[in-house]
Amino acid sequence: MSRILCAWSPTWAIANWRRRNPSDAPPSVPSAPSATSWSPSPAGGGGTGRGQSGFSSSPLPRGEGDHEVAEAALPPLALVETVRQVRRLAAVSLEANRLGLYPGQKATDAMALVPELATADADPEADAEALTALIDWCVRFSPAVAADAPDGLFLDITGVAHLWGGEAELLADFRARLLDNGLPFRLAIADTPGAAWALSRFGRDGTIAPPGGQGELLAPLPPAALRLDPEAAAQIERLGLRRVGQLMEIPRAPLGRRFGARTLERLDQALGRAAEALVFRRPPTPWIARLAFFEPISAPEDMARVTEDVTAKLCARLEAEGQGARRFEIAFHRVDGKALPLTIGLSLAGRDARRIARLFQPKLETVDPGFGIESVTICAYAVEPVSGRQVRIEAGLDAAVEDGLAPLVDRLVNRLGPERVWRAAPVESHVPELAVGRDPALGADPSEAQPWDREAPRPVRLFRRPEPLEQVFALLPDDPPRQFRWRGRLHEVRRAEGPERIGDEWWKREIGEVSVAHVRDYYRVEDQDGARFWLFRAGLYGEGDGPPKWWLHGVFA
């Protein structure tokens with residue numbers, strides 16, 4: 001059974017603004033809002049703001065009364081955005097909320113109610129950046145972290161709580177580290193994402209639902225706790241159904257007919273009757289290795305050495321299990337809590353530690369160690385079985401692809417990018433420019449398309465767009481040209497072969513666009529210098545307003 005931790009910050013934008021502008025507000029450690037200290041706006045809104053990407057990795061000691069003193073010292077703050085030419089509050093602090101302000105309120109009305117209100121411009125795009133940075137920081141608690149935009153996240157803590165001594169201890173440590181970074185969050189743990197989401201927003205802060213016991217805790221919550229559309233939740237409450245428990249008592253068929261299948265789905269997801277998939281920022285993988293250091297490192301040679309060590313540690317495990325991977329991601333964790341990832345890919349699944357570490361070497365110079373690297377982790381993705389092989393049998397044998405072409409392809413792909421290193425693959429189409437696709441240079445799945453016809457060879461270089469020819473002399477109706485001018489030079493044809501008639505894919509066009517002008521007659525010709533060309537005549541003689549045009553489509557070797 002899964003265990004999901006949901007974290008939600010009703011003042012996410014405010015907290016990030018204060019972290020980004022420490023000089024504009026007194027330093028503080030805000031307390032986590034309780035179920036009664038925060039009242040959502042009538043519109044149920046929230047806000048966004050740019051947050052710093054660095055998070056502290058260890059809790060700091062503080063006195064019991066620090067939270068209350070810090071809260072009392074902070075002035076009310078609101079972030080403002082323009083909505084349809086009207087300035088409205090995008091997010092408000094706890095102090096402003098206690099004074100009756102709420103997101104969505106007009107800024108002029110808010111200033112009239114609270115003259116001492118401090119305002120700043122909201123930055124919606126940066127809140128997502130801060131949330132992404134927080135997700136990267138949260139991997140110390142779980143490798144599977146998903147965003148619940150714009151102001152929350154989910155952690156799959158299945159099987160990791162025992163490392164802290166239990167779920168309560170993990171929750172306390174998680175809250176303490178967030179508060180030390182100036183981020184107040186409401187937390188809850190349940191079997192399902194829906195139940196954890198409901199308890200974090202509408203239940204008591206810090207609720208830990210026992211396995212299989214989320215139904216009793218959800219019963220007294222309002223229907224909005226099921227993540228329903230605001231209109232559906234308001235309609236349910238207008239009918240006098242003000243608790244989730246009342247919805248549970250209604251038979252499923254009438255409930256679905258009256259309020260829609262979405263209501264049933266959300267109720268089933270919260271109670272664990274229906275599965276709900278979370279989109280994790282980093283897909284969880286069991287193939288991971290980690291090295292921690294007694295002292296932070298920052299020298300380039302030290303980073304290169306630990307890259308080899310952690311890669312060897314993971315590859316030894318892969319070899320013991322008879323597995324290989326196509327993608328590796330290494331992350332350098334700085335002392336300020338920021339993770340700096342690097343990724344490399346292999347064309348064929350492999351586990352050669354030296355070759356993998358060598359692919360990381362050119363990218364290490366892009367890593368800024370800051371005040372030092374305290375640990376390094378490496379993960380393997382796209383893991384698949386790899387059969388063992390003997391490295392050498394005897395001298396003189398041809399090198400295997402793993403020893404010859406694959407290392408070269410891997411170096412080129414990781415340096416130039418996968419979109420620049422590819423091989424041509426057949427595509428089932430008669431149109432020449434549509435008969436070629438791009439596949440990875442190595443390791444691609446066999447194409448289901450028929451191979452190219454050897455009886456109809458194609459040029460080595462096929463132009464992206466056919467180029468027009470001038471001064472073409474050809475006998476009617478189907479003879480190849482005797483001469484043509486291309487790029488200002490006159491070519492006399494000595495040998496020719498053809499025609500090869502290729503029709504247009506008329507079934508892909510509208511019926512009114514089908515025309516014989518799209519028919520091509522291709523010729524392979526050789527000029528007086530031995531150069532070979534692939535040219536065609538577009539259209540048929542006697543059809544259309546004028547004579548058919550000639551085009552050059554490619555050049556043979």
# chains A, B, ... in the order shown; residues from 1 in each chain; ligands from 1

call {"tool": "residues_around", "arguments": {"residues": "Val427 in chain A", "least_positions_apart": "5", "cutoff": "8 Å", "atoms": "only C-alpha atoms", "output": "VMD selection string"}}
result
chain A and resid 434 to 437 449 to 450

call {"tool": "closest_atom_pairs", "arguments": {"of": "range 177-231 of chain A", "to": "range 243-260 of chain A", "cutoff": "12 Å", "atoms": "only C-alpha atoms", "output": "JSON lines"}}
result
{"residue": "A:Ala195", "atom": "CA", "partner": "A:Val244", "partner_atom": "CA", "distance": 11.4}
{"residue": "A:Ala198", "atom": "CA", "partner": "A:Val244", "partner_atom": "CA", "distance": 10.5}
{"residue": "A:Phe202", "atom": "CA", "partner": "A:Arg243", "partner_atom": "CA", "distance": 11.5}
{"residue": "A:Gln214", "atom": "CA", "partner": "A:Gly245", "partner_atom": "CA", "distance": 11.6}
{"residue": "A:Gly215", "atom": "CA", "partner": "A:Gly245", "partner_atom": "CA", "distance": 8.3}
{"residue": "A:Glu216", "atom": "CA", "partner": "A:Gly245", "partner_atom": "CA", "distance": 8.2}
{"residue": "A:Leu217", "atom": "CA", "partner": "A:Gly245", "partner_atom": "CA", "distance": 9.4}
{"residue": "A:Leu218", "atom": "CA", "partner": "A:Val244", "partner_atom": "CA", "distance": 6.4}
{"residue": "A:Ala219", "atom": "CA", "partner": "A:Gly245", "partner_atom": "CA", "distance": 3.9}
{"residue": "A:Pro220", "atom": "CA", "partner": "A:Arg243", "partner_atom": "CA", "distance": 5.3}
{"residue": "A:Leu221", "atom": "CA", "partner": "A:Arg243", "partner_atom": "CA", "distance": 5.4}
{"residue": "A:Pro222", "atom": "CA", "partner": "A:Arg243", "partner_atom": "CA", "distance": 4.6}
{"residue": "A:Pro223", "atom": "CA", "partner": "A:Val244", "partner_atom": "CA", "distance": 5.3}
{"residue": "A:Ala224", "atom": "CA", "partner": "A:Val244", "partner_atom": "CA", "distance": 8.7}
{"residue": "A:Ala225", "atom": "CA", "partner": "A:Val244", "partner_atom": "CA", "distance": 7.9}
{"residue": "A:Leu226", "atom": "CA", "partner": "A:Val244", "partner_atom": "CA", "distance": 7.9}
{"residue": "A:Arg227", "atom": "CA", "partner": "A:Val244", "partner_atom": "CA", "distance": 11.5}
{"residue": "A:Leu228", "atom": "CA", "partner": "A:Phe259", "partner_atom": "CA", "distance": 10.3}
{"residue": "A:Asp229", "atom": "CA", "partner": "A:Phe259", "partner_atom": "CA", "distance": 10.9}
{"residue": "A:Glu231", "atom": "CA", "partner": "A:Phe259", "partner_atom": "CA", "distance": 10.6}

call {"tool": "write_last_selection", "arguments": {"atoms": "N, CA, C and O atoms", "output": "mmCIF file, in the first residue's frame"}}
result
data_model
loop_
_atom_site.group_PDB
_atom_site.id
_atom_site.type_symbol
_atom_site.label_atom_id
_atom_site.label_comp_id
_atom_site.auth_asym_id
_atom_site.auth_seq_id
_atom_site.Cartn_x
_atom_site.Cartn_y
_atom_site.Cartn_z
ATOM 1 N N ALA A 195 -6.610 11.834 -0.758
ATOM 2 C CA ALA A 195 -6.850 11.976 0.680
ATOM 3 C C ALA A 195 -5.814 12.885 1.319
ATOM 4 O O ALA A 195 -6.139 13.728 2.165
ATOM 5 N N ALA A 198 -6.666 16.485 0.476
ATOM 6 C CA ALA A 198 -7.807 16.993 1.237
ATOM 7 C C ALA A 198 -7.425 17.294 2.678
ATOM 8 O O ALA A 198 -7.796 18.335 3.235
ATOM 9 N N PHE A 202 -7.870 20.982 4.208
ATOM 10 C CA PHE A 202 -9.103 21.144 4.959
ATOM 11 C C PHE A 202 -9.087 20.424 6.306
ATOM 12 O O PHE A 202 -10.009 20.610 7.095
ATOM 13 N N GLN A 214 -8.364 6.519 5.850
ATOM 14 C CA GLN A 214 -8.613 7.889 5.406
ATOM 15 C C GLN A 214 -10.090 8.206 5.280
ATOM 16 O O GLN A 214 -10.481 9.370 5.314
ATOM 17 N N GLY A 215 -10.954 7.187 5.150
ATOM 18 C CA GLY A 215 -12.380 7.450 4.992
ATOM 19 C C GLY A 215 -12.967 8.179 6.176
ATOM 20 O O GLY A 215 -13.756 9.122 6.015
ATOM 21 N N GLU A 216 -12.614 7.769 7.384
ATOM 22 C CA GLU A 216 -13.143 8.425 8.579
ATOM 23 C C GLU A 216 -12.669 9.862 8.703
ATOM 24 O O GLU A 216 -13.401 10.728 9.191
ATOM 25 N N LEU A 217 -11.435 10.133 8.273
ATOM 26 C CA LEU A 217 -10.919 11.490 8.363
ATOM 27 C C LEU A 217 -11.480 12.393 7.269
ATOM 28 O O LEU A 217 -11.554 13.610 7.445
ATOM 29 N N LEU A 218 -11.869 11.805 6.146
ATOM 30 C CA LEU A 218 -12.431 12.611 5.062
ATOM 31 C C LEU A 218 -13.905 12.940 5.296
ATOM 32 O O LEU A 218 -14.400 13.934 4.747
ATOM 33 N N ALA A 219 -14.603 12.131 6.062
ATOM 34 C CA ALA A 219 -16.053 12.283 6.220
ATOM 35 C C ALA A 219 -16.472 13.675 6.675
ATOM 36 O O ALA A 219 -17.435 14.243 6.126
ATOM 37 N N PRO A 220 -15.829 14.309 7.659
ATOM 38 C CA PRO A 220 -16.312 15.633 8.101
ATOM 39 C C PRO A 220 -15.858 16.796 7.227
ATOM 40 O O PRO A 220 -16.241 17.935 7.498
ATOM 41 N N LEU A 221 -15.068 16.552 6.191
ATOM 42 C CA LEU A 221 -14.546 17.644 5.363
ATOM 43 C C LEU A 221 -15.586 18.089 4.352
ATOM 44 O O LEU A 221 -16.481 17.335 3.971
ATOM 45 N N PRO A 222 -15.488 19.319 3.843
ATOM 46 C CA PRO A 222 -16.451 19.813 2.850
ATOM 47 C C PRO A 222 -16.238 19.141 1.494
ATOM 48 O O PRO A 222 -15.169 18.585 1.220
ATOM 49 N N PRO A 223 -17.228 19.183 0.612
ATOM 50 C CA PRO A 223 -17.088 18.550 -0.710
ATOM 51 C C PRO A 223 -15.914 19.093 -1.521
ATOM 52 O O PRO A 223 -15.368 18.381 -2.370
ATOM 53 N N ALA A 224 -15.539 20.351 -1.305
ATOM 54 C CA ALA A 224 -14.405 20.912 -2.052
ATOM 55 C C ALA A 224 -13.116 20.161 -1.783
ATOM 56 O O ALA A 224 -12.162 20.261 -2.569
ATOM 57 N N ALA A 225 -13.046 19.393 -0.686
ATOM 58 C CA ALA A 225 -11.845 18.633 -0.373
ATOM 59 C C ALA A 225 -11.597 17.513 -1.367
ATOM 60 O O ALA A 225 -10.511 16.937 -1.389
ATOM 61 N N LEU A 226 -12.582 17.193 -2.210
ATOM 62 C CA LEU A 226 -12.422 16.126 -3.206
ATOM 63 C C LEU A 226 -11.815 16.638 -4.507
ATOM 64 O O LEU A 226 -11.783 15.905 -5.494
ATOM 65 N N ARG A 227 -11.338 17.880 -4.540
ATOM 66 C CA ARG A 227 -10.743 18.476 -5.737
ATOM 67 C C ARG A 227 -11.757 18.572 -6.876
ATOM 68 O O ARG A 227 -11.432 18.331 -8.040
ATOM 69 N N LEU A 228 -12.986 18.918 -6.531
ATOM 70 C CA LEU A 228 -14.021 19.103 -7.530
ATOM 71 C C LEU A 228 -13.905 20.492 -8.155
ATOM 72 O O LEU A 228 -13.269 21.400 -7.597
ATOM 73 N N ASP A 229 -14.522 20.648 -9.310
ATOM 74 C CA ASP A 229 -14.610 21.981 -9.891
ATOM 75 C C ASP A 229 -15.385 22.898 -8.943
ATOM 76 O O ASP A 229 -16.328 22.453 -8.273
ATOM 77 N N GLU A 231 -17.647 25.028 -9.433
ATOM 78 C CA GLU A 231 -19.080 25.061 -9.702
ATOM 79 C C GLU A 231 -19.764 23.809 -9.153
ATOM 80 O O GLU A 231 -20.851 23.880 -8.564
#

call {"tool": "residues_around", "arguments": {"residues": "range 469-481 of chain A", "least_positions_apart": "2", "cutoff": "12 Å", "atoms": "only C-alpha atoms", "output": "PyMOL selection string"}}
result
chain A and resi 466-467+483-501+520-527+533-543+547-553

call {"tool": "closest_atom_pairs", "arguments": {"of": "range 95-193 of chain A", "to": "range 85-89 of chain A", "cutoff": "9 Å", "atoms": "only C-alpha atoms", "output": "Markdown table"}}
result
| residue | atom | partner | partner_atom | distance |
| --- | --- | --- | --- | --- |
| A:Leu101 | CA | A:Leu89 | CA | 8.6 |
| A:Tyr102 | CA | A:Leu89 | CA | 7.1 |
| A:Pro103 | CA | A:Leu89 | CA | 4.9 |
| A:Gly104 | CA | A:Leu89 | CA | 5.2 |
| A:Gln105 | CA | A:Leu89 | CA | 5.4 |
| A:Lys106 | CA | A:Arg88 | CA | 4.3 |
| A:Ala107 | CA | A:Arg88 | CA | 4.9 |
| A:Thr108 | CA | A:Arg87 | CA | 7.9 |
| A:Ala110 | CA | A:Leu89 | CA | 8.2 |
| A:Thr119 | CA | A:Leu89 | CA | 8.9 |
| A:Ala122 | CA | A:Leu89 | CA | 8.8 |

call {"tool": "write_last_selection", "arguments": {"atoms": "C-alpha atoms", "output": "short mmCIF file (atom, residue, chain, number, x, y, z; two decimals), in the first residue's frame"}}
result
data_model
loop_
_atom_site.label_atom_id
_atom_site.label_comp_id
_atom_site.auth_asym_id
_atom_site.auth_seq_id
_atom_site.Cartn_x
_atom_site.Cartn_y
_atom_site.Cartn_z
CA LEU A 101 -7.81 40.71 2.77
CA TYR A 102 -7.94 37.85 0.28
CA PRO A 103 -6.60 36.96 -3.21
CA GLY A 104 -8.74 38.32 -6.02
CA GLN A 105 -9.70 41.48 -4.11
CA LYS A 106 -9.25 44.84 -5.83
CA ALA A 107 -6.04 46.54 -4.78
CA THR A 108 -7.82 49.86 -4.20
CA ALA A 110 -7.51 46.48 0.02
CA THR A 119 2.44 45.69 -1.97
CA ALA A 122 3.50 39.25 -8.50
#

call {"tool": "residues_around", "arguments": {"residues": "Ala120 in chain A", "least_positions_apart": "5", "cutoff": "7 Å", "atoms": "only C-alpha atoms", "output": "number ranges by chain"}}
result
A: 78-80
